[in-house]
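Right, one structure below, let's go through it.
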Amino acid sequence: LNRNKSVVRSMSWNADGQKICIVYEDGAVIVGSVDGNRIWGKELKGIQLAHVAWSPDSKILLFGMANGEIHMYDNLGNFIVKMIMNCLVNVTGAISIAGIHWYPGTEGYVEPDCPCLAICFDNGRCQIMRYENDENPVLIDTGMNVVSIQWNRCGSVLAVAGSQRAVSQDKDVNVVQFYTPFGEHLRTLKVPGKQMTAVSWEGAGLRIGLAVDSFIYFANIRPDYKWGYCSNTVVYAYTRPDRLEYCVVFWDTKNNEKYVKYVKFLMSITTCGDFCILATKADDSHPQEDAEAESMSARYVLVLCNSIGTPLDSKYIDIDPLFVTMTKTHVIAASKEAFYTWQYRVAKKLTAMEINQVARTRKEGRERVYHIDETPSGSTEGTLDFTKAITATRDPICCITATDKTLIVGRESGTIQRYSLPNVGLVQKYVLNYRAYQLSLNCNSSRLAIIDITGVLTFFDIEVRISEGSGQPNVGDPLKFERKDVWDMKWANDNPHLFAMMEKTRMYVFRNLDPEEPIQTSGYICNFEDLEIKSVLLDEILKDPEHPNKDYLINFEIRSLRDSRALIEKVGIEDASQFIEDNPHPRLWRLLAEAALQKLDLKTAEQAFVRCKDYQGIEFVKRLGNLQSESMKQAEVAAYFGRFEEAERMYLDMDRRDLAISLRIKLGDWFRVLQLLKSGSGDADDTLLEQAYNAIGDYFADRQKWVNAVQYYLQGRNQERLAECYYMLEDYEGLERLANSLPENHKLLPDIGQMFATVGMCDQTVSAYLKCNQPKAAVDTCVHLNQWNKAVELAKNHNMKEIGSLLSKYASHLLEKNKILEAIELYRKAHHFLDAAKLMFKIADEEAKKRTKPLRVKKLYVLAALLVENYHGQMKTTQGKNKGKKSEATSALDGLLEEDATSTDNRVIDNAWRGAEAYHFFLLAQRQLYEGYVDAAMRTALHLRDYEDIIPAVEIYSLLAICSSANRAFGSCSKAFIKLESLDSLSAEQRQLYEDLALEIFTKYSPKDNRKSELDSIPEGGEGKLPTCIVTGRPISEYQFWMCNICKHCALEQELTNHNFCPLCHSSLA
């Protein structure tokens, strides 16, 4: 892109790195793609360009002009609007833009709707906007001459580089100021050299590059991460581009497991002991549930969590928790004007009474608020009154720290106030000549460490010390100790004179203010106790926060521990114990005790255990003393130190397999127990073997590996767990085999029955329940699974009276709900066919009245008739069982008589098929008519005259009239009309219509049948009524005909050839 006319003033890649925009001083703009092709170019007339920036979504371009204006264009180069600069109010004279940087959100945002577009002018005025036309941006006056600005990689820190007039000298000093997106000032970095021209962050955000004169300076950035350490757990928070919330990870470094919790508006993480406090802004979108929150529209929340992130308690507060500290009993949160104390309780197990008390604790004053200018005496109760926080103060709070008995609050003027805990009383005020940034008390609250805003570490004695020489009590002597560039420090938890500190990229350990040689590391100090420092490389972890690695956790031993270890190894136990006498520490005594045990020097070991108050150790030494053999002692010591393989080998060499086994049992290593049991020459102990098999089964079952578990449970003969595994595997055959193998009345049978019942396997459930003699449960299951026939049968076999009542009760319940079909199904399953049939007929009749779908009505009538047939069959079989000596004929007769006696409802039984026949012929006639077989249709329609009780006469005779007129049989047609005109069911108008129609037809055609009168050809009534063919509707006069064995209806054989099912009842012909 060679343009000799003008010079490039600025260029910018868009967020995904696919496009670049280049601007020239003379107003030319070029947008190109990543592969070097030009996308578009434009000349902006009469404009001097100086800066360009893309919006995060690449839809907007911001152009900065030489005169300080900023214009917005769309991504095709069309002008949208001029940006309003709120930060330039009341500014006169010429200004120019120092920098525009729009953070694109690639690493997520510090909080939802976070300011991300920073614009800064050379006069030090700066504004940070949430979006391009934000009318209420964050305004900053940096008070310096700015040359360059840039966001860090996650948009949480804005670096502003330039120069500032030094008050004392008359020259400009190069400085970089660091701000949050909300305009809060974080740090100031002074830089040597004459003229600074640019600033840039390293990709990971851990270093910053500065262009000064002809040099590039690099500065390390120690980010103020949101993190903490409680009971072997590192808690850290990071932002993700796909979520609005902070992702808080609780990484258990012991088991290398992590628990993730998403927290909106997270402000800080504070830890102490086993607990952690998350300070957050209250979420406006959720109405607060707590009554306490409503009482004081609280804007902030403190959440108390355990080390896996489970919330245990929370408090809504109405002061901004800028500074939070925590002791074993209290949480103290401070805003700039006031501080709040909360004496938290962690309930292991709360009884109901205590829970009620917890509800009342608010009134007991477990929480209090104090204004920084108050002087509480400690004797009176404080109050929980957040209105105190509204009162402004001239000297705001800038840091706090606390131990179990002391609370220290630092103020911006350098004053430090000391309060007593737990009843807060102001004890003393001290004045320093600098402003503290971080405070820390040692373990006995006698000395305070102070890191100031420039990173200088100093100390301050709080307890009264008698100074040497003068004998005068000397309070608050700022010791003559000072270290520069300190960014972290930690006192030892168990020694008031030991502390570790981080200076640049080195860690120093101090004992009585004397440093040991430094260790090269950039870790953050988690914990310092037992002469060991635990440190975590947060920078590395946060490069890939999803997968924390144990390598990033480092343990350092301090010198006395290393020296003692070296002494023991090289010189011997006597000299080492002398050295430890001179420098006593429980950790060193433990080291000596362990070394003495290794050498089986029991006397020294016992003394050392006594010195480090290790009761178990003392007991162990006593037990060793009682053992005779040397090798036995060595094996026990190896086991004590966790060298189990070695101990086991020693036991086996002594031929004490039992001890090896009991060691493995203690460890829960049942696989090895099994190996040892099988390896021996003698017989293995059966109970132990079973125990081992079952334990291994448990191991697999816990991991949901049911297949492996089954094999071991089978060998361990553990039927209960076997049943569970089969159930989990859905291996119901295995479960059935197990149930069959169990003896009667075994306690497991009901459970197995229950398992079968849950998956609807009725037969297996019943057999399991019957085997354990619980017929009631079996019947209940059948009822539950709707297997009523089975239930009825079981009830009869076990003489249970209630099943009939149960059945009728359930049926009536269904009928009440108008679930008639369910009731029919119920009766059918329980083999109460007659009841079912009656209900079925009822439904069919109702459907027929609707006059909608004749096919459906036919189906319903067929179903009802089939139920009646089932009833006949049932009657015959019950009779068949009782017949014994009687001849078949008599028994059949008895059966019929009995059936007759029982059936009050004769219509249902005798004329079961009438309804089905009626609708069958009704449909058949219409089908024949439409297919053009008019003669056949007429015959079928004639046959319908017998069914006036089922199909309304109007329908029958109307159909007959149509069929006969189509068949040119006007004699029959006229008879049909006569019948229609004489029907009572018709109204006068309807009759009139029929009469008019008849007149119209019969004036044309004489009412005579042209063939022999059809009506007479059908033999009527008497014995001689011929069966009707259900295929054609013709009377059957042959001797050979087919009869359906289900519905007993007849058809002509030749007509059936192309049918597979009975035309009436649809049963298969095969």
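Each chain in the structure tokens gets a letter, A, B, ..., in the order shown, and its residues are numbered from 1; ligands are numbered from 1 in order too.
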
If we count only C-alpha atoms and set the cut-off at 9 Å, which residues sit around A:Ala279, ignoring sequence neighbours fewer than 3 positions away in its own chain? Please answer as a ChimeraX atom specification.
/A:265-270,300-304,321-322,324

What's the 12 Å shell around A:Phe922, counting only C-alpha atoms, without same-chain residues fewer than 3 positions away, as a compact mmCIF listing (two decimals) with N, CA, C and O atoms, in the first residue's frame?
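File part-v2.txt, as written:
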# COMPACT_ATOMS: atom_id res chain seq x y z
N LYS A 853 -70.29 -42.11 13.05
CA LYS A 853 -69.45 -43.04 12.28
C LYS A 853 -69.98 -44.45 12.43
O LYS A 853 -69.67 -45.12 13.44
N PRO A 854 -70.73 -44.95 11.44
CA PRO A 854 -71.31 -46.29 11.59
C PRO A 854 -70.24 -47.38 11.75
O PRO A 854 -70.45 -48.35 12.47
N LEU A 855 -69.07 -47.19 11.12
CA LEU A 855 -68.03 -48.23 11.24
C LEU A 855 -67.58 -48.36 12.69
O LEU A 855 -67.44 -49.46 13.22
N VAL A 857 -69.31 -47.66 15.31
CA VAL A 857 -70.40 -48.28 16.09
C VAL A 857 -70.37 -49.79 15.90
O VAL A 857 -70.48 -50.56 16.85
N LYS A 858 -70.15 -50.21 14.64
CA LYS A 858 -70.09 -51.65 14.39
C LYS A 858 -68.97 -52.28 15.22
O LYS A 858 -69.14 -53.32 15.86
N GLY A 915 -76.66 -56.07 17.29
CA GLY A 915 -76.17 -54.73 16.97
C GLY A 915 -75.11 -54.77 15.88
O GLY A 915 -75.13 -53.99 14.91
N ALA A 916 -74.17 -55.73 16.04
CA ALA A 916 -73.10 -55.84 15.06
C ALA A 916 -73.69 -56.16 13.68
O ALA A 916 -73.30 -55.57 12.67
N GLU A 917 -74.68 -57.12 13.66
CA GLU A 917 -75.29 -57.50 12.37
C GLU A 917 -75.94 -56.27 11.72
O GLU A 917 -75.75 -55.98 10.54
N ALA A 918 -76.74 -55.55 12.51
CA ALA A 918 -77.48 -54.42 11.98
C ALA A 918 -76.54 -53.46 11.26
O ALA A 918 -76.75 -53.11 10.09
N TYR A 919 -75.48 -53.08 11.97
CA TYR A 919 -74.57 -52.10 11.36
C TYR A 919 -73.78 -52.70 10.23
O TYR A 919 -73.42 -52.03 9.27
N ALA A 925 -74.99 -52.55 2.57
CA ALA A 925 -75.96 -52.07 1.59
C ALA A 925 -75.43 -50.81 0.91
O ALA A 925 -75.47 -50.68 -0.32
N GLN A 926 -74.91 -49.91 1.72
CA GLN A 926 -74.42 -48.66 1.12
C GLN A 926 -73.22 -48.93 0.22
O GLN A 926 -73.09 -48.35 -0.87
N ARG A 927 -72.33 -49.84 0.68
CA ARG A 927 -71.15 -50.15 -0.12
C ARG A 927 -71.60 -50.72 -1.48
O ARG A 927 -71.12 -50.32 -2.54
N GLN A 928 -72.57 -51.68 -1.41
CA GLN A 928 -73.03 -52.30 -2.66
C GLN A 928 -73.67 -51.24 -3.58
O GLN A 928 -73.45 -51.22 -4.79
N LEU A 929 -74.44 -50.34 -2.98
CA LEU A 929 -75.12 -49.32 -3.77
C LEU A 929 -74.11 -48.45 -4.51
O LEU A 929 -74.22 -48.24 -5.72
N ALA A 937 -77.72 -54.52 -3.30
CA ALA A 937 -77.92 -53.48 -2.28
C ALA A 937 -79.36 -53.51 -1.80
O ALA A 937 -79.65 -53.40 -0.61
N MET A 938 -80.29 -53.69 -2.75
CA MET A 938 -81.70 -53.69 -2.37
C MET A 938 -82.02 -54.88 -1.48
O MET A 938 -82.72 -54.76 -0.47
N ARG A 939 -81.49 -56.05 -1.84
CA ARG A 939 -81.73 -57.24 -1.00
C ARG A 939 -81.24 -57.00 0.42
O ARG A 939 -81.90 -57.31 1.39
N THR A 940 -80.01 -56.45 0.51
CA THR A 940 -79.44 -56.21 1.85
C THR A 940 -80.31 -55.23 2.61
O THR A 940 -80.59 -55.40 3.80
N ALA A 941 -80.77 -54.19 1.90
CA ALA A 941 -81.61 -53.19 2.56
C ALA A 941 -82.92 -53.81 3.03
O ALA A 941 -83.42 -53.49 4.12
N LEU A 942 -83.45 -54.72 2.22
CA LEU A 942 -84.68 -55.42 2.64
C LEU A 942 -84.42 -56.17 3.94
O LEU A 942 -85.25 -56.20 4.84
N HIS A 943 -83.23 -56.77 4.00
CA HIS A 943 -82.88 -57.54 5.19
C HIS A 943 -82.81 -56.66 6.44
O HIS A 943 -83.05 -57.12 7.55
N LEU A 944 -82.53 -55.37 6.24
CA LEU A 944 -82.37 -54.45 7.39
C LEU A 944 -83.69 -54.22 8.11
O LEU A 944 -83.69 -53.69 9.21
N ARG A 945 -84.83 -54.57 7.45
CA ARG A 945 -86.11 -54.26 8.10
C ARG A 945 -86.27 -54.95 9.45
O ARG A 945 -87.07 -54.54 10.26
N ASP A 946 -85.46 -56.02 9.68
CA ASP A 946 -85.57 -56.73 10.96
C ASP A 946 -84.93 -55.93 12.10
O ASP A 946 -85.02 -56.33 13.25
N TYR A 947 -84.20 -54.87 11.78
CA TYR A 947 -83.37 -54.26 12.84
C TYR A 947 -83.85 -52.87 13.22
O TYR A 947 -83.07 -52.00 13.57
N GLU A 948 -85.16 -52.66 13.14
CA GLU A 948 -85.65 -51.32 13.45
C GLU A 948 -85.40 -50.92 14.89
O GLU A 948 -85.37 -49.75 15.23
N ILE A 950 -82.68 -51.21 16.35
CA ILE A 950 -81.29 -50.74 16.53
C ILE A 950 -81.00 -49.52 15.67
O ILE A 950 -80.45 -48.52 16.13
N ILE A 951 -81.39 -49.59 14.38
CA ILE A 951 -81.16 -48.45 13.50
C ILE A 951 -82.51 -47.75 13.30
O ILE A 951 -83.51 -48.43 13.06
N PRO A 952 -82.58 -46.43 13.40
CA PRO A 952 -83.86 -45.74 13.26
C PRO A 952 -84.54 -46.08 11.93
O PRO A 952 -83.87 -46.19 10.89
N ALA A 953 -85.86 -46.25 11.96
CA ALA A 953 -86.62 -46.67 10.78
C ALA A 953 -86.42 -45.70 9.62
O ALA A 953 -86.34 -46.11 8.46
N GLU A 955 -83.85 -44.15 8.71
CA GLU A 955 -82.62 -44.47 7.99
C GLU A 955 -82.85 -45.70 7.12
O GLU A 955 -82.46 -45.75 5.95
N ILE A 956 -83.45 -46.74 7.73
CA ILE A 956 -83.61 -48.02 7.03
C ILE A 956 -84.45 -47.82 5.77
O ILE A 956 -84.05 -48.18 4.66
N TYR A 957 -85.63 -47.19 5.91
CA TYR A 957 -86.55 -47.10 4.77
C TYR A 957 -86.06 -46.09 3.75
O TYR A 957 -86.30 -46.24 2.55
N SER A 958 -85.35 -45.06 4.21
CA SER A 958 -84.76 -44.13 3.24
C SER A 958 -83.78 -44.88 2.36
O SER A 958 -83.77 -44.74 1.12
N LEU A 959 -82.94 -45.70 3.03
CA LEU A 959 -81.95 -46.47 2.27
C LEU A 959 -82.66 -47.43 1.30
O LEU A 959 -82.28 -47.56 0.13
N LEU A 960 -83.71 -48.09 1.81
CA LEU A 960 -84.44 -49.06 0.99
C LEU A 960 -85.06 -48.35 -0.23
O LEU A 960 -84.99 -48.83 -1.36
N CYS A 963 -82.28 -47.62 -2.71
CA CYS A 963 -81.79 -48.83 -3.37
C CYS A 963 -82.85 -49.34 -4.37
O CYS A 963 -82.53 -49.71 -5.51
N ILE A 1030 -73.21 -63.21 5.17
CA ILE A 1030 -72.68 -61.92 5.69
C ILE A 1030 -71.77 -61.24 4.70
O ILE A 1030 -71.32 -60.13 4.93
N THR A 1032 -72.68 -61.14 1.18
CA THR A 1032 -73.51 -60.53 0.14
C THR A 1032 -74.83 -60.00 0.64
O THR A 1032 -75.48 -59.19 -0.01
N GLY A 1033 -75.29 -60.48 1.82
CA GLY A 1033 -76.60 -60.08 2.30
C GLY A 1033 -77.73 -60.93 1.70
O GLY A 1033 -78.90 -60.66 1.94
N LEU A 1064 -67.80 -60.07 9.55
CA LEU A 1064 -68.54 -59.50 10.67
C LEU A 1064 -67.64 -59.27 11.88
O LEU A 1064 -67.45 -58.14 12.31

Would you tabulate, counting only C-alpha atoms, all residues of stretch 121-225 of chain A that have an atom at most 12 Å from an atom of stretch 542-553 of chain A, showing the closest pair of atoms and their distance in Å to one decimal, sorted by chain then ascending number, as a tab-separated table?
residue	atom	partner	partner_atom	distance
A:Arg153	CA	A:Lys543	CA	11.4
A:Cys154	CA	A:Leu542	CA	11.5
A:Gly203	CA	A:Lys543	CA	10.7
A:Ala204	CA	A:Lys543	CA	7.5
A:Gly205	CA	A:Lys543	CA	10.1
A:Leu206	CA	A:Lys543	CA	10.7
A:Pro223	CA	A:Leu542	CA	11.0
A:Tyr225	CA	A:Leu542	CA	9.5

Residues of the last selection are to be written out with N, CA, C and O atoms, as a short mmCIF file (atom, residue, chain, number, x, y, z; two decimals), in the first residue's frame.
data_model
loop_
_atom_site.label_atom_id
_atom_site.label_comp_id
_atom_site.auth_asym_id
_atom_site.auth_seq_id
_atom_site.Cartn_x
_atom_site.Cartn_y
_atom_site.Cartn_z
N ARG A 153 -4.84 -7.64 29.07
CA ARG A 153 -5.47 -8.66 28.21
C ARG A 153 -6.91 -8.95 28.61
O ARG A 153 -7.70 -9.39 27.78
N CYS A 154 -7.29 -8.71 29.87
CA CYS A 154 -8.66 -9.05 30.24
C CYS A 154 -9.50 -7.82 30.58
O CYS A 154 -10.54 -7.93 31.22
N GLY A 203 1.24 -10.10 26.06
CA GLY A 203 0.01 -10.86 25.83
C GLY A 203 -0.59 -11.46 27.08
O GLY A 203 -1.80 -11.43 27.30
N ALA A 204 0.25 -12.00 27.97
CA ALA A 204 -0.29 -12.65 29.17
C ALA A 204 -0.67 -11.64 30.24
O ALA A 204 -1.26 -12.00 31.25
N GLY A 205 -0.29 -10.38 30.04
CA GLY A 205 -0.65 -9.35 31.01
C GLY A 205 0.22 -9.34 32.25
O GLY A 205 -0.12 -8.73 33.25
N LEU A 206 1.39 -10.01 32.19
CA LEU A 206 2.25 -10.06 33.39
C LEU A 206 3.45 -9.12 33.26
O LEU A 206 4.25 -9.01 34.18
N PRO A 223 -0.29 -8.98 39.21
CA PRO A 223 -1.74 -8.70 39.27
C PRO A 223 -2.30 -9.00 40.66
O PRO A 223 -1.85 -9.92 41.33
N TYR A 225 -4.68 -10.65 42.04
CA TYR A 225 -5.69 -11.67 41.71
C TYR A 225 -6.72 -11.76 42.82
O TYR A 225 -6.44 -11.49 43.99
#

When you look at stretch 660-665 of chain A with a cut-off of 12 Å (counting only C-alpha atoms), what residues show up, excluding the ones that are within fewer than 4 positions of it in the same chain? I need them as a VMD selection string.
chain A and resid 632 635 to 636 638 to 640 642 to 656 669 to 680 684 to 685 688 to 689 691 to 692 695 to 696

Next, dump the selected residues to file, keeping only N, CA and C atoms, as a CSV table (one decimal), in the first residue's frame.
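What follows is the written file part19.csv:
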chain,number,residue,atom,x,y,z
A,632,MET,N,11.0,-57.4,63.0
A,632,MET,CA,9.6,-57.0,63.2
A,632,MET,C,9.5,-55.5,63.4
A,635,ALA,N,9.9,-53.6,60.2
A,635,ALA,CA,8.7,-53.7,59.4
A,635,ALA,C,7.6,-52.7,59.9
A,636,GLU,N,7.4,-52.6,61.3
A,636,GLU,CA,6.5,-51.7,61.8
A,636,GLU,C,6.8,-50.3,61.5
A,638,ALA,N,8.6,-49.2,59.0
A,638,ALA,CA,8.3,-49.0,57.5
A,638,ALA,C,6.8,-48.7,57.3
A,639,ALA,N,6.0,-49.5,58.0
A,639,ALA,CA,4.5,-49.2,57.9
A,639,ALA,C,4.2,-47.9,58.4
A,640,TYR,N,4.8,-47.4,59.5
A,640,TYR,CA,4.5,-46.2,60.1
A,640,TYR,C,4.8,-45.0,59.2
A,642,GLY,N,4.7,-45.2,56.0
A,642,GLY,CA,3.9,-45.3,54.8
A,642,GLY,C,4.7,-46.1,53.7
A,643,ARG,N,5.8,-46.7,54.0
A,643,ARG,CA,6.4,-47.6,53.0
A,643,ARG,C,5.9,-49.0,53.1
A,644,PHE,N,4.7,-49.1,52.6
A,644,PHE,CA,3.9,-50.3,52.8
A,644,PHE,C,4.4,-51.5,52.1
A,645,GLU,N,4.9,-51.3,50.8
A,645,GLU,CA,5.4,-52.4,50.1
A,645,GLU,C,6.6,-53.1,50.8
A,646,GLU,N,7.5,-52.2,51.4
A,646,GLU,CA,8.6,-52.6,52.1
A,646,GLU,C,8.2,-53.4,53.3
A,647,ALA,N,7.2,-52.8,54.1
A,647,ALA,CA,6.8,-53.5,55.3
A,647,ALA,C,6.2,-54.9,55.0
A,648,GLU,N,5.4,-54.9,53.9
A,648,GLU,CA,4.7,-56.2,53.5
A,648,GLU,C,5.8,-57.2,53.2
A,649,ARG,N,6.8,-56.8,52.4
A,649,ARG,CA,7.9,-57.7,52.1
A,649,ARG,C,8.6,-58.3,53.3
A,650,MET,N,8.8,-57.4,54.3
A,650,MET,CA,9.5,-57.8,55.5
A,650,MET,C,8.6,-58.9,56.2
A,651,TYR,N,7.3,-58.6,56.3
A,651,TYR,CA,6.4,-59.5,57.0
A,651,TYR,C,6.4,-60.9,56.3
A,652,LEU,N,6.4,-60.8,55.0
A,652,LEU,CA,6.4,-62.1,54.2
A,652,LEU,C,7.7,-62.9,54.4
A,653,ASP,N,8.8,-62.1,54.5
A,653,ASP,CA,10.1,-62.8,54.7
A,653,ASP,C,10.1,-63.5,56.0
A,654,MET,N,9.4,-62.8,57.0
A,654,MET,CA,9.3,-63.5,58.4
A,654,MET,C,8.3,-64.6,58.4
A,655,ASP,N,7.7,-64.8,57.2
A,655,ASP,CA,6.6,-65.8,57.1
A,655,ASP,C,5.4,-65.4,58.0
A,656,ARG,N,5.1,-64.1,58.0
A,656,ARG,CA,3.9,-63.7,58.8
A,656,ARG,C,2.9,-63.1,57.8
A,669,ASP,N,-6.6,-52.0,50.9
A,669,ASP,CA,-6.2,-52.5,49.6
A,669,ASP,C,-6.6,-54.0,49.4
A,670,TRP,N,-7.9,-54.2,49.1
A,670,TRP,CA,-8.4,-55.5,49.1
A,670,TRP,C,-7.9,-56.4,48.0
A,671,PHE,N,-7.5,-55.7,46.9
A,671,PHE,CA,-7.0,-56.5,45.8
A,671,PHE,C,-5.7,-57.3,46.2
A,672,ARG,N,-4.9,-56.5,47.0
A,672,ARG,CA,-3.6,-57.1,47.5
A,672,ARG,C,-4.0,-58.2,48.5
A,673,VAL,N,-5.0,-57.9,49.3
A,673,VAL,CA,-5.4,-58.9,50.4
A,673,VAL,C,-5.8,-60.2,49.7
A,674,LEU,N,-6.5,-60.1,48.6
A,674,LEU,CA,-7.0,-61.3,47.8
A,674,LEU,C,-5.7,-62.0,47.3
A,675,GLN,N,-4.8,-61.3,46.7
A,675,GLN,CA,-3.6,-61.9,46.2
A,675,GLN,C,-2.9,-62.7,47.3
A,676,LEU,N,-2.7,-62.0,48.4
A,676,LEU,CA,-2.0,-62.6,49.6
A,676,LEU,C,-2.7,-63.9,50.1
A,677,LEU,N,-4.1,-63.8,50.1
A,677,LEU,CA,-4.8,-64.9,50.6
A,677,LEU,C,-4.7,-66.1,49.7
A,678,LYS,N,-4.6,-65.8,48.4
A,678,LYS,CA,-4.5,-66.9,47.4
A,678,LYS,C,-3.1,-67.4,47.3
A,679,SER,N,-2.1,-66.6,47.6
A,679,SER,CA,-0.7,-67.0,47.3
A,679,SER,C,-0.2,-68.0,48.4
A,680,GLY,N,-0.8,-68.0,49.5
A,680,GLY,CA,-0.3,-68.9,50.6
A,680,GLY,C,-0.4,-70.3,50.3
A,684,ALA,N,-6.7,-70.7,52.7
A,684,ALA,CA,-7.0,-69.4,53.1
A,684,ALA,C,-8.2,-69.4,54.0
A,685,ASP,N,-8.3,-68.4,54.8
A,685,ASP,CA,-9.4,-68.3,55.7
A,685,ASP,C,-10.7,-67.9,54.9
A,688,LEU,N,-12.4,-64.5,55.6
A,688,LEU,CA,-11.6,-63.4,55.1
A,688,LEU,C,-11.7,-63.3,53.6
A,689,LEU,N,-11.7,-64.5,53.0
A,689,LEU,CA,-11.8,-64.5,51.5
A,689,LEU,C,-13.1,-63.8,51.1
A,691,GLN,N,-14.9,-61.8,52.8
A,691,GLN,CA,-14.8,-60.3,53.1
A,691,GLN,C,-14.1,-59.6,52.0
A,692,ALA,N,-13.0,-60.2,51.5
A,692,ALA,CA,-12.2,-59.5,50.5
A,692,ALA,C,-13.0,-59.4,49.2
A,695,ALA,N,-15.5,-56.8,49.6
A,695,ALA,CA,-14.9,-55.4,49.6
A,695,ALA,C,-14.5,-55.0,48.2
A,696,ILE,N,-14.0,-55.9,47.4
A,696,ILE,CA,-13.7,-55.6,46.0
A,696,ILE,C,-14.9,-55.3,45.2

As a VMD selection string, please: every residue in stretch 569-779 of chain A that DSSP puts in alpha helix (DSSP H).
chain A and resid 569 to 570 573 to 582 586 to 598 602 to 611 615 to 625 630 to 640 644 to 653 657 to 667 670 to 679 686 to 702 706 to 716 719 to 729 732 to 741 749 to 758 762 to 771 775 to 779
